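Heads up, input02.tsv below (TSV, C-alpha atoms):
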chain	number	residue	atom	x	y	z
A	1	MET	CA	73.70	-96.89	15.50
A	2	ALA	CA	71.64	-99.99	16.29
A	3	SER	CA	71.63	-99.24	20.01
A	4	HIS	CA	70.57	-95.66	19.29
A	5	TYR	CA	67.75	-96.91	17.03
A	6	PHE	CA	66.42	-99.34	19.62
A	7	LEU	CA	66.69	-96.71	22.40
A	8	THR	CA	64.66	-94.29	20.26
A	9	LEU	CA	62.13	-96.99	19.44
A	10	ALA	CA	61.80	-97.96	23.09
A	11	PHE	CA	61.20	-94.33	24.10
A	12	ALA	CA	58.56	-93.91	21.40
A	13	LEU	CA	56.79	-97.07	22.54
A	14	LEU	CA	56.92	-95.94	26.17
A	15	LEU	CA	55.47	-92.56	25.15
A	16	ALA	CA	52.67	-94.18	23.20
A	17	VAL	CA	51.80	-96.65	25.97
A	18	SER	CA	51.83	-93.89	28.60
A	19	SER	CA	49.64	-91.72	26.40
A	20	TYR	CA	47.17	-94.52	25.81
A	21	ALA	CA	46.95	-95.19	29.55
A	22	LEU	CA	46.26	-91.51	30.21
A	23	GLY	CA	43.54	-91.45	27.59
A	24	PHE	CA	44.96	-89.06	25.00
A	25	PRO	CA	47.10	-89.47	21.89
A	26	ALA	CA	50.88	-89.07	22.05
A	27	GLN	CA	50.91	-86.18	19.57
A	28	ASN	CA	48.90	-84.02	22.02
A	29	LEU	CA	51.17	-84.47	25.03
A	30	THR	CA	52.65	-81.00	24.72
A	31	LYS	CA	49.33	-79.24	24.02
A	32	ARG	CA	47.11	-78.17	26.88
A	33	ASP	CA	43.59	-78.23	25.48
A	34	THR	CA	40.74	-79.12	27.81
A	35	ILE	CA	37.82	-77.92	25.69
A	36	ARG	CA	35.10	-80.55	25.11
A	37	GLY	CA	31.82	-80.26	23.31
A	38	PRO	CA	29.24	-79.65	22.48
A	39	VAL	CA	28.28	-81.64	25.57
A	40	ILE	CA	24.75	-80.29	25.06
A	41	SER	CA	23.84	-80.15	21.37
A	42	THR	CA	20.53	-78.35	21.75
A	43	ASN	CA	19.98	-74.63	22.34
A	44	PHE	CA	21.35	-74.04	25.87
A	45	PRO	CA	22.76	-70.47	25.96
A	46	ASP	CA	24.49	-68.61	28.79
A	47	PRO	CA	25.13	-71.67	30.98
A	48	SER	CA	26.06	-71.29	34.65
A	49	ILE	CA	27.61	-73.94	36.86
A	50	ILE	CA	27.34	-75.17	40.44
A	51	TRP	CA	28.46	-78.34	42.25
A	52	VAL	CA	26.00	-79.59	44.90
A	53	ASP	CA	27.33	-82.06	47.48
A	54	SER	CA	23.91	-83.37	48.52
A	55	GLU	CA	23.18	-84.32	44.90
A	56	ASN	CA	26.75	-85.46	44.15
A	57	SER	CA	26.32	-83.68	40.85
A	58	TRP	CA	27.13	-80.67	38.72
A	59	PHE	CA	24.20	-78.50	37.67
A	60	ALA	CA	23.97	-76.12	34.74
A	61	PHE	CA	21.26	-73.48	34.30
A	62	ALA	CA	20.60	-71.76	30.98
A	63	THR	CA	18.61	-69.05	29.22
A	64	ASN	CA	14.99	-69.72	28.24
A	65	GLY	CA	14.36	-72.39	25.62
A	66	ASN	CA	12.42	-75.53	24.84
A	67	GLY	CA	9.35	-73.99	26.46
A	68	HIS	CA	11.05	-73.22	29.80
A	69	ASN	CA	12.05	-69.95	31.45
A	70	VAL	CA	15.19	-71.54	32.92
A	71	GLN	CA	16.62	-74.77	31.51
A	72	VAL	CA	18.48	-77.24	33.73
A	73	ALA	CA	21.10	-79.90	33.02
A	74	THR	CA	23.00	-82.24	35.34
A	75	SER	CA	26.22	-84.25	35.25
A	76	PRO	CA	27.77	-86.59	37.83
A	77	ASP	CA	31.22	-86.40	36.23
A	78	PHE	CA	31.41	-83.16	34.21
A	79	THR	CA	31.55	-85.32	31.07
A	80	THR	CA	28.05	-86.64	30.41
A	81	TRP	CA	25.32	-84.01	30.64
A	82	THR	CA	21.56	-84.58	30.70
A	83	VAL	CA	18.99	-81.84	30.12
A	84	THR	CA	16.30	-82.55	32.71
A	85	GLY	CA	13.32	-81.05	30.86
A	86	GLN	CA	12.43	-79.18	34.06
A	87	ASP	CA	11.72	-75.45	34.31
A	88	ALA	CA	13.60	-74.26	37.39
A	89	LEU	CA	11.71	-70.93	37.32
A	90	PRO	CA	8.15	-71.61	36.14
A	91	THR	CA	6.93	-68.33	37.70
A	92	VAL	CA	8.78	-65.03	37.36
A	93	GLY	CA	8.62	-61.92	39.51
A	94	ALA	CA	5.70	-59.49	39.31
A	95	TRP	CA	8.10	-56.91	37.87
A	96	VAL	CA	8.50	-58.94	34.64
A	97	TYR	CA	6.70	-58.05	31.40
A	98	SER	CA	4.41	-61.08	31.04
A	99	SER	CA	3.89	-60.81	27.27
A	100	ASN	CA	7.60	-61.32	26.57
A	101	LYS	CA	9.48	-62.51	29.65
A	102	ALA	CA	12.74	-63.30	27.79
A	103	VAL	CA	14.50	-64.84	30.80
A	104	TRP	CA	18.26	-64.72	30.25
A	105	ALA	CA	21.45	-65.93	31.91
A	106	PRO	CA	20.29	-67.56	35.18
A	107	MET	CA	22.98	-68.22	37.78
A	108	VAL	CA	22.60	-70.12	41.07
A	109	ILE	CA	24.62	-70.03	44.28
A	110	GLN	CA	24.25	-71.97	47.52
A	111	ILE	CA	24.27	-69.83	50.66
A	112	ALA	CA	25.33	-70.64	54.21
A	113	ASP	CA	21.98	-72.06	55.38
A	114	GLY	CA	22.10	-74.64	52.57
A	115	SER	CA	19.41	-73.03	50.42
A	116	PHE	CA	19.86	-71.67	46.89
A	117	VAL	CA	19.58	-68.24	45.30
A	118	MET	CA	19.03	-67.70	41.58
A	119	TYR	CA	19.84	-64.48	39.75
A	120	TYR	CA	18.13	-64.01	36.39
A	121	SER	CA	17.44	-61.29	33.83
A	122	ALA	CA	14.02	-60.64	32.30
A	123	THR	CA	12.08	-57.96	30.46
A	124	SER	CA	10.90	-55.12	32.66
A	125	ALA	CA	7.16	-54.41	32.84
A	126	GLN	CA	8.05	-50.79	33.57
A	127	ASP	CA	9.97	-50.52	30.28
A	128	ASN	CA	9.60	-53.51	27.98
A	129	THR	CA	12.55	-52.39	25.84
A	130	ALA	CA	14.97	-53.30	28.63
A	131	HIS	CA	15.84	-56.06	31.11
A	132	CYS	CA	16.24	-56.00	34.87
A	133	VAL	CA	17.89	-58.51	37.21
A	134	GLY	CA	15.67	-60.50	39.54
A	135	VAL	CA	16.19	-62.95	42.39
A	136	ALA	CA	14.45	-66.23	43.21
A	137	THR	CA	15.06	-68.72	46.03
A	138	SER	CA	14.64	-72.44	46.67
A	139	SER	CA	15.40	-74.96	49.40
A	140	THR	CA	16.72	-77.35	46.73
A	141	VAL	CA	18.98	-76.74	43.75
A	142	ARG	CA	16.45	-78.19	41.32
A	143	GLY	CA	13.72	-75.78	42.41
A	144	PRO	CA	11.15	-74.70	41.56
A	145	TYR	CA	12.50	-71.30	42.57
A	146	THR	CA	10.20	-68.71	44.15
A	147	PRO	CA	10.74	-65.24	42.68
A	148	GLN	CA	10.86	-62.04	44.64
A	149	SER	CA	8.15	-59.59	43.60
A	150	ASP	CA	10.56	-56.69	43.04
A	151	ALA	CA	13.58	-56.52	40.76
A	152	PHE	CA	17.06	-56.59	42.30
A	153	VAL	CA	18.51	-53.93	39.97
A	154	CYS	CA	17.36	-52.22	36.77
A	155	HIS	CA	19.15	-49.03	35.59
A	156	LEU	CA	16.46	-48.61	32.94
A	157	ASP	CA	17.69	-45.11	32.08
A	158	LEU	CA	21.04	-46.61	31.06
A	159	GLY	CA	19.63	-49.54	29.08
A	160	GLY	CA	18.79	-52.03	31.82
A	161	SER	CA	20.75	-54.63	33.76
A	162	ILE	CA	21.58	-58.22	32.79
A	163	ASP	CA	23.94	-61.16	33.37
A	164	ALA	CA	24.06	-61.22	37.18
A	165	ALA	CA	26.34	-63.71	38.94
A	166	GLY	CA	26.93	-64.39	42.61
A	167	HIS	CA	30.40	-64.41	44.18
A	168	HIS	CA	31.62	-66.01	47.42
A	169	HIS	CA	34.28	-63.81	49.01
A	170	PRO	CA	36.92	-65.74	50.97
A	171	ASP	CA	35.88	-63.85	54.13
A	172	GLY	CA	32.42	-65.42	53.87
A	173	SER	CA	30.59	-62.40	52.49
A	174	LEU	CA	28.62	-62.41	49.26
A	175	TYR	CA	28.64	-60.17	46.19
A	176	VAL	CA	26.70	-59.90	42.94
A	177	VAL	CA	28.34	-58.78	39.70
A	178	TYR	CA	26.28	-57.73	36.68
A	179	LYS	CA	26.30	-55.68	33.48
A	180	ILE	CA	24.59	-52.37	32.81
A	181	ASP	CA	23.21	-53.00	29.32
A	182	GLY	CA	24.35	-49.76	27.75
A	183	ASN	CA	24.46	-51.08	24.21
A	184	ASN	CA	20.67	-51.48	24.48
A	185	ARG	CA	20.60	-47.67	24.22
A	186	GLY	CA	23.21	-47.54	21.47
A	187	ASN	CA	23.09	-45.99	18.02
A	188	GLY	CA	23.12	-49.08	15.81
A	189	GLY	CA	25.79	-51.25	14.26
A	190	SER	CA	27.39	-54.26	15.96
A	191	CYS	CA	25.19	-55.29	18.91
A	192	ASN	CA	23.54	-51.85	18.57
A	193	ASN	CA	26.73	-50.13	19.80
A	194	GLY	CA	29.04	-49.88	16.81
A	195	ILE	CA	28.18	-46.31	15.80
A	196	ALA	CA	29.47	-43.31	17.73
A	197	PRO	CA	28.89	-42.10	20.29
A	198	ILE	CA	29.62	-45.54	21.80
A	199	LYS	CA	27.77	-46.30	25.02
A	200	SER	CA	29.41	-47.59	28.18
A	201	THR	CA	28.64	-51.21	29.18
A	202	PRO	CA	30.09	-51.34	32.70
A	203	LEU	CA	30.32	-54.35	34.97
A	204	MET	CA	29.07	-53.52	38.46
A	205	LEU	CA	29.72	-55.07	41.87
A	206	GLN	CA	27.17	-55.06	44.70
A	207	LYS	CA	27.81	-56.47	48.17
A	208	VAL	CA	24.84	-58.36	49.63
A	209	ALA	CA	23.83	-59.90	52.94
A	210	ALA	CA	23.95	-63.60	53.80
A	211	ASN	CA	20.55	-64.13	52.13
A	212	GLY	CA	22.16	-63.33	48.77
A	213	TYR	CA	20.02	-60.33	47.84
A	214	THR	CA	19.72	-57.66	50.57
A	215	LYS	CA	22.08	-54.90	49.43
A	216	ILE	CA	24.90	-53.66	51.64
A	217	GLY	CA	26.26	-50.27	50.64
A	218	ALA	CA	26.43	-48.87	47.13
A	219	GLU	CA	27.33	-50.66	43.93
A	220	VAL	CA	30.72	-49.94	42.35
A	221	GLN	CA	31.92	-50.14	38.77
A	222	ILE	CA	34.77	-52.62	38.36
A	223	LEU	CA	35.28	-52.80	34.57
A	224	ASP	CA	34.07	-51.31	31.28
A	225	ARG	CA	34.55	-51.82	27.57
A	226	ASP	CA	37.37	-50.18	25.65
A	227	ASP	CA	38.13	-49.98	21.94
A	228	GLY	CA	39.73	-53.42	22.00
A	229	ASP	CA	36.49	-54.98	23.23
A	230	GLY	CA	34.30	-53.85	20.37
A	231	PRO	CA	30.72	-52.86	21.22
A	232	LEU	CA	30.50	-54.29	24.73
A	233	ILE	CA	31.64	-56.45	27.58
A	234	GLU	CA	29.15	-58.72	29.34
A	235	ALA	CA	28.49	-62.05	31.08
A	236	PRO	CA	30.76	-61.53	34.11
A	237	SER	CA	31.85	-64.49	36.25
A	238	LEU	CA	33.90	-63.67	39.35
A	239	ILE	CA	36.08	-66.09	41.32
A	240	HIS	CA	38.92	-65.93	43.85
A	241	VAL	CA	41.99	-68.18	43.65
A	242	LYS	CA	45.07	-67.88	45.90
A	243	GLY	CA	44.76	-64.19	46.66
A	244	VAL	CA	43.70	-63.08	43.18
A	245	TRP	CA	40.24	-62.22	41.87
A	246	PHE	CA	39.54	-63.25	38.30
A	247	LEU	CA	36.71	-61.54	36.42
A	248	PHE	CA	35.81	-63.51	33.30
A	249	PHE	CA	33.79	-61.68	30.64
A	250	SER	CA	32.85	-61.77	26.97
A	251	SER	CA	33.43	-59.03	24.42
A	252	GLY	CA	32.57	-58.54	20.76
A	253	CYS	CA	28.98	-59.28	19.76
A	254	TYR	CA	27.16	-62.49	20.65
A	255	ALA	CA	25.46	-62.58	17.22
A	256	GLU	CA	28.77	-62.29	15.37
A	257	THR	CA	31.97	-64.32	15.21
A	258	THR	CA	33.72	-61.51	17.09
A	259	TYR	CA	32.29	-62.86	20.37
A	260	ASP	CA	35.00	-64.19	22.68
A	261	LEU	CA	35.99	-64.95	26.26
A	262	SER	CA	38.58	-63.02	28.21
A	263	TYR	CA	39.36	-62.07	31.80
A	264	ALA	CA	40.73	-59.40	34.10
A	265	TYR	CA	42.42	-59.77	37.50
A	266	ALA	CA	42.83	-57.85	40.75
A	267	THR	CA	44.10	-58.28	44.30
A	268	SER	CA	40.92	-56.78	45.78
A	269	VAL	CA	37.33	-57.75	45.01
A	270	ALA	CA	36.51	-54.16	44.08
A	271	GLY	CA	39.61	-53.78	41.93
A	272	PRO	CA	41.27	-52.10	40.22
A	273	TYR	CA	41.08	-54.85	37.59
A	274	THR	CA	43.68	-55.29	34.86
A	275	LYS	CA	42.51	-56.83	31.60
A	276	ALA	CA	44.63	-59.72	30.39
A	277	ARG	CA	46.02	-59.02	26.92
A	278	GLY	CA	47.56	-61.02	24.08
A	279	PRO	CA	49.04	-63.50	23.74
A	280	ILE	CA	47.37	-64.95	26.87
A	281	ALA	CA	43.95	-63.43	26.14
A	282	PRO	CA	41.32	-63.76	24.83
A	283	LEU	CA	41.01	-67.31	26.12
A	284	LEU	CA	38.49	-68.39	23.50
A	285	VAL	CA	37.88	-67.01	20.02
A	286	THR	CA	36.20	-68.17	16.84
A	287	GLY	CA	38.37	-70.83	15.23
A	288	LYS	CA	39.84	-72.30	18.43
A	289	ASP	CA	38.82	-75.96	18.61
A	290	GLY	CA	36.43	-75.29	15.74
A	291	LEU	CA	34.36	-72.96	17.92
A	292	LYS	CA	32.17	-70.19	16.58
A	293	ALA	CA	31.36	-67.18	18.76
A	294	PRO	CA	32.37	-68.80	22.09
A	295	GLY	CA	31.56	-66.95	25.28
A	296	SER	CA	29.06	-66.18	28.03
A	297	ALA	CA	31.03	-68.41	30.38
A	298	CYS	CA	30.61	-69.31	34.03
A	299	VAL	CA	33.47	-70.60	36.16
A	300	ALA	CA	33.01	-72.83	39.21
A	301	LYS	CA	33.70	-70.92	42.42
A	302	ASP	CA	37.02	-72.76	43.02
A	303	GLY	CA	38.17	-72.11	39.46
A	304	SER	CA	38.30	-75.81	38.58
A	305	LYS	CA	35.67	-75.95	35.82
A	306	ILE	CA	34.16	-73.71	33.16
A	307	LEU	CA	31.03	-73.83	31.02
A	308	PHE	CA	30.37	-71.65	27.97
A	309	HIS	CA	28.23	-71.57	24.87
A	310	ALA	CA	29.11	-71.43	21.17
A	311	TRP	CA	27.15	-71.60	17.95
A	312	LEU	CA	25.93	-75.03	16.88
A	313	GLY	CA	25.81	-74.02	13.21
A	314	ASP	CA	27.16	-71.35	10.92
A	315	SER	CA	25.20	-68.57	12.63
A	316	ILE	CA	23.38	-67.85	15.86
A	317	ASN	CA	20.19	-69.02	14.14
A	318	GLY	CA	21.40	-72.61	14.56
A	319	GLY	CA	21.29	-72.25	18.36
A	320	ARG	CA	24.02	-72.18	20.99
A	321	GLY	CA	25.14	-75.42	22.60
A	322	MET	CA	27.22	-75.97	25.73
A	323	TRP	CA	30.93	-76.73	25.92
A	324	THR	CA	33.14	-77.47	28.96
A	325	GLY	CA	36.72	-76.75	29.93
A	326	VAL	CA	39.20	-77.11	32.79
A	327	PRO	CA	41.04	-73.86	33.57
A	328	SER	CA	44.61	-73.78	34.79
A	329	ILE	CA	45.48	-70.78	36.95
A	330	SER	CA	49.04	-69.72	37.79
A	331	GLY	CA	49.58	-66.34	39.38
A	332	THR	CA	47.48	-63.99	37.28
A	333	THR	CA	47.51	-66.17	34.17
A	334	VAL	CA	44.61	-68.40	33.08
A	335	THR	CA	44.86	-71.05	30.34
A	336	LEU	CA	42.36	-73.48	28.89

As structure tokens, the full file:
Amino acid sequence: MASHYFLTLAFALLLAVSSYALGFPAQNLTKRDTIRGPVISTNFPDPSIIWVDSENSWFAFATNGNGHNVQVATSPDFTTWTVTGQDALPTVGAWVYSSNKAVWAPMVIQIADGSFVMYYSATSAQDNTAHCVGVATSSTVRGPYTPQSDAFVCHLDLGGSIDAAGHHHPDGSLYVVYKIDGNNRGNGGSCNNGIAPIKSTPLMLQKVAANGYTKIGAEVQILDRDDGDGPLIEAPSLIHVKGVWFLFFSSGCYAETTYDLSYAYATSVAGPYTKARGPIAPLLVTGKDGLKAPGSACVAKDGSKILFHAWLGDSINGGRGMWTGVPSISGTTVTL
């Protein structure tokens, strides 16, 4: 009995010491939970992520706030984040409604010549009830970015277009994925699309040239909402890992605690995509890690890091801060 007691004690001590050395408590050894935050505790919605070698830093870009069209934050280690106070897009395209620009969900990629392309959504001057997607470019990641005069895509008749994100195909080609904002033309209720007839909110894929914005061929629909998604799907982020494409998206309503983060997968960039279902999805929901309305995520192009927003208070009125995570991908399964 004594030898058994001391063996058990020795194992417990070894477990505790090993856990301390690794930087987490022993009781969490069997729980994979990489969520940290808020790492930005001010309003920083719809964050996107990019690593830039020349800066030896991560960069995050976010929806308008604090007097800026596009907010910027940096981190050398993915742990400590600093909001720079810079507006990466001080001037928007001529197509934007100047009285209410409402710049949303900027996302930046680096293209082959080393320069940077930003996709952003803003209110259309042609129809100020809807958003279009625009493009801006810069020789440096910090900007300022120079906008193109014309919108990249609009679909105003269907409610507009938002939430564009660039994608690096493993063959070297580039794509842009975005949402047609169908709920903007809905009939009321949750996110204006909870009353029948329910509008489609499809995610679209457009191949582009090496400059990141000249279109090649026609766009294709790769996913849409279903009854399990509530009023919409939005905020696509597309990556490729070991022969599988993962399309991250949010469903529910961003202004309600139904908002969440999920994903779909395919073996071709254009699909067909299969939505991950319970128990492995959604990845993030209200209540996990104390989060409220988590979503609008962006995943690093190699799948190694993720940024997303969640409410800072008891409602969206308290702002949306930024959280981080480290995905684990095995086959077609993603965990956080």

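Straight-line separation from CA of Pro236 (chain A) to CA of Tyr259 (chain A): 13.9 Å.
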
Find the residues near region 65-69 of chain A: any atom within 10 Å, counting all atoms listed in the file, skip ones fewer than 2 places away on the same chain, and give them as a list in words. Thr42, Asn43, Phe44, Pro45, Ala62, Thr63, Gln71, Val72, Gly85, Gln86, Asp87, Ala88, Leu89, Pro90, Thr91, Val92, Lys101, Ala102, Val103, Trp104, Pro106, Tyr120 and Ala122 of chain A

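Comparing the minimum interatomic distances between Tyr119 (chain A) and each of A:Arg36, A:Lys305, A:His167, A:His240, counting only C-alpha atoms, we find that A:His167 sits nearest.
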
Distance in Å - CA of Cys253 (chain A) versus CA of Ile195 (chain A): 13.6 Å

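Distance-wise, CA of Tyr213 (chain A) and CA of Met322 (chain A) end up 28.0 Å apart.
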
Fewer than 3 positions away in the same chain doesn't count, so skip those; otherwise give me all residues within 9 Å of Glu55 (chain A), counting only C-alpha atoms, as a PyMOL selection string. chain A and resi 51-52+58+76+141

Find the spatial neighbours of Ile111 (chain A), counting all atoms listed in the file, within a cut-off of 12 Å - ignore same-chain residues fewer than 2 positions away - and output them as JSON, numbers by chain. {"A": [50, 52, 108, 109, 113, 114, 115, 116, 117, 118, 137, 138, 139, 140, 141, 166, 167, 168, 169, 172, 173, 174, 175, 208, 209, 210, 211, 212, 213]}

Starting from the incomplete input, reconstruct N, CA, C and O atoms of region 47-61 of chain A and report them as a PDB file, keeping the file's coordinate frame.
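Contents of rebuild.pdb, as written:
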ATOM      1  N   PRO A  47      25.192 -70.694  29.886  1.00  0.00           N
ATOM      2  CA  PRO A  47      25.130 -71.670  30.980  1.00  0.00           C
ATOM      3  C   PRO A  47      25.897 -71.209  32.214  1.00  0.00           C
ATOM      4  O   PRO A  47      26.957 -70.583  32.113  1.00  0.00           O
ATOM      5  N   SER A  48      25.348 -71.509  33.380  1.00  0.00           N
ATOM      6  CA  SER A  48      26.060 -71.290  34.650  1.00  0.00           C
ATOM      7  C   SER A  48      26.284 -72.629  35.310  1.00  0.00           C
ATOM      8  O   SER A  48      25.663 -73.634  34.954  1.00  0.00           O
ATOM      9  N   ILE A  49      27.194 -72.672  36.283  1.00  0.00           N
ATOM     10  CA  ILE A  49      27.610 -73.940  36.860  1.00  0.00           C
ATOM     11  C   ILE A  49      27.633 -73.892  38.377  1.00  0.00           C
ATOM     12  O   ILE A  49      28.002 -72.872  38.978  1.00  0.00           O
ATOM     13  N   ILE A  50      27.230 -75.004  38.997  1.00  0.00           N
ATOM     14  CA  ILE A  50      27.340 -75.170  40.440  1.00  0.00           C
ATOM     15  C   ILE A  50      27.463 -76.654  40.772  1.00  0.00           C
ATOM     16  O   ILE A  50      26.799 -77.488  40.152  1.00  0.00           O
ATOM     17  N   TRP A  51      28.357 -76.980  41.723  1.00  0.00           N
ATOM     18  CA  TRP A  51      28.460 -78.340  42.250  1.00  0.00           C
ATOM     19  C   TRP A  51      27.654 -78.395  43.545  1.00  0.00           C
ATOM     20  O   TRP A  51      27.760 -77.504  44.389  1.00  0.00           O
ATOM     21  N   VAL A  52      26.836 -79.451  43.707  1.00  0.00           N
ATOM     22  CA  VAL A  52      26.000 -79.590  44.900  1.00  0.00           C
ATOM     23  C   VAL A  52      26.328 -80.920  45.566  1.00  0.00           C
ATOM     24  O   VAL A  52      26.061 -81.995  45.006  1.00  0.00           O
ATOM     25  N   ASP A  53      26.896 -80.844  46.766  1.00  0.00           N
ATOM     26  CA  ASP A  53      27.330 -82.060  47.480  1.00  0.00           C
ATOM     27  C   ASP A  53      26.182 -83.028  47.730  1.00  0.00           C
ATOM     28  O   ASP A  53      26.332 -84.236  47.568  1.00  0.00           O
ATOM     29  N   SER A  54      25.028 -82.496  48.156  1.00  0.00           N
ATOM     30  CA  SER A  54      23.910 -83.370  48.520  1.00  0.00           C
ATOM     31  C   SER A  54      23.378 -84.154  47.328  1.00  0.00           C
ATOM     32  O   SER A  54      22.763 -85.209  47.482  1.00  0.00           O
ATOM     33  N   GLU A  55      23.620 -83.646  46.129  1.00  0.00           N
ATOM     34  CA  GLU A  55      23.180 -84.320  44.900  1.00  0.00           C
ATOM     35  C   GLU A  55      24.329 -85.103  44.255  1.00  0.00           C
ATOM     36  O   GLU A  55      24.101 -85.867  43.313  1.00  0.00           O
ATOM     37  N   ASN A  56      25.553 -84.862  44.750  1.00  0.00           N
ATOM     38  CA  ASN A  56      26.750 -85.460  44.150  1.00  0.00           C
ATOM     39  C   ASN A  56      26.759 -85.232  42.641  1.00  0.00           C
ATOM     40  O   ASN A  56      27.009 -86.139  41.843  1.00  0.00           O
ATOM     41  N   SER A  57      26.507 -83.974  42.255  1.00  0.00           N
ATOM     42  CA  SER A  57      26.320 -83.680  40.850  1.00  0.00           C
ATOM     43  C   SER A  57      26.639 -82.225  40.541  1.00  0.00           C
ATOM     44  O   SER A  57      26.500 -81.338  41.388  1.00  0.00           O
ATOM     45  N   TRP A  58      27.075 -82.008  39.288  1.00  0.00           N
ATOM     46  CA  TRP A  58      27.130 -80.670  38.720  1.00  0.00           C
ATOM     47  C   TRP A  58      25.760 -80.298  38.181  1.00  0.00           C
ATOM     48  O   TRP A  58      25.039 -81.151  37.661  1.00  0.00           O
ATOM     49  N   PHE A  59      25.426 -79.021  38.266  1.00  0.00           N
ATOM     50  CA  PHE A  59      24.200 -78.500  37.670  1.00  0.00           C
ATOM     51  C   PHE A  59      24.553 -77.323  36.760  1.00  0.00           C
ATOM     52  O   PHE A  59      25.453 -76.529  37.069  1.00  0.00           O
ATOM     53  N   ALA A  60      23.849 -77.252  35.643  1.00  0.00           N
ATOM     54  CA  ALA A  60      23.970 -76.120  34.740  1.00  0.00           C
ATOM     55  C   ALA A  60      22.583 -75.526  34.529  1.00  0.00           C
ATOM     56  O   ALA A  60      21.598 -76.258  34.369  1.00  0.00           O
ATOM     57  N   PHE A  61      22.507 -74.197  34.541  1.00  0.00           N
ATOM     58  CA  PHE A  61      21.260 -73.480  34.300  1.00  0.00           C
ATOM     59  C   PHE A  61      21.456 -72.580  33.084  1.00  0.00           C
ATOM     60  O   PHE A  61      22.522 -71.975  32.928  1.00  0.00           O
TER      61      PHE A  61
END
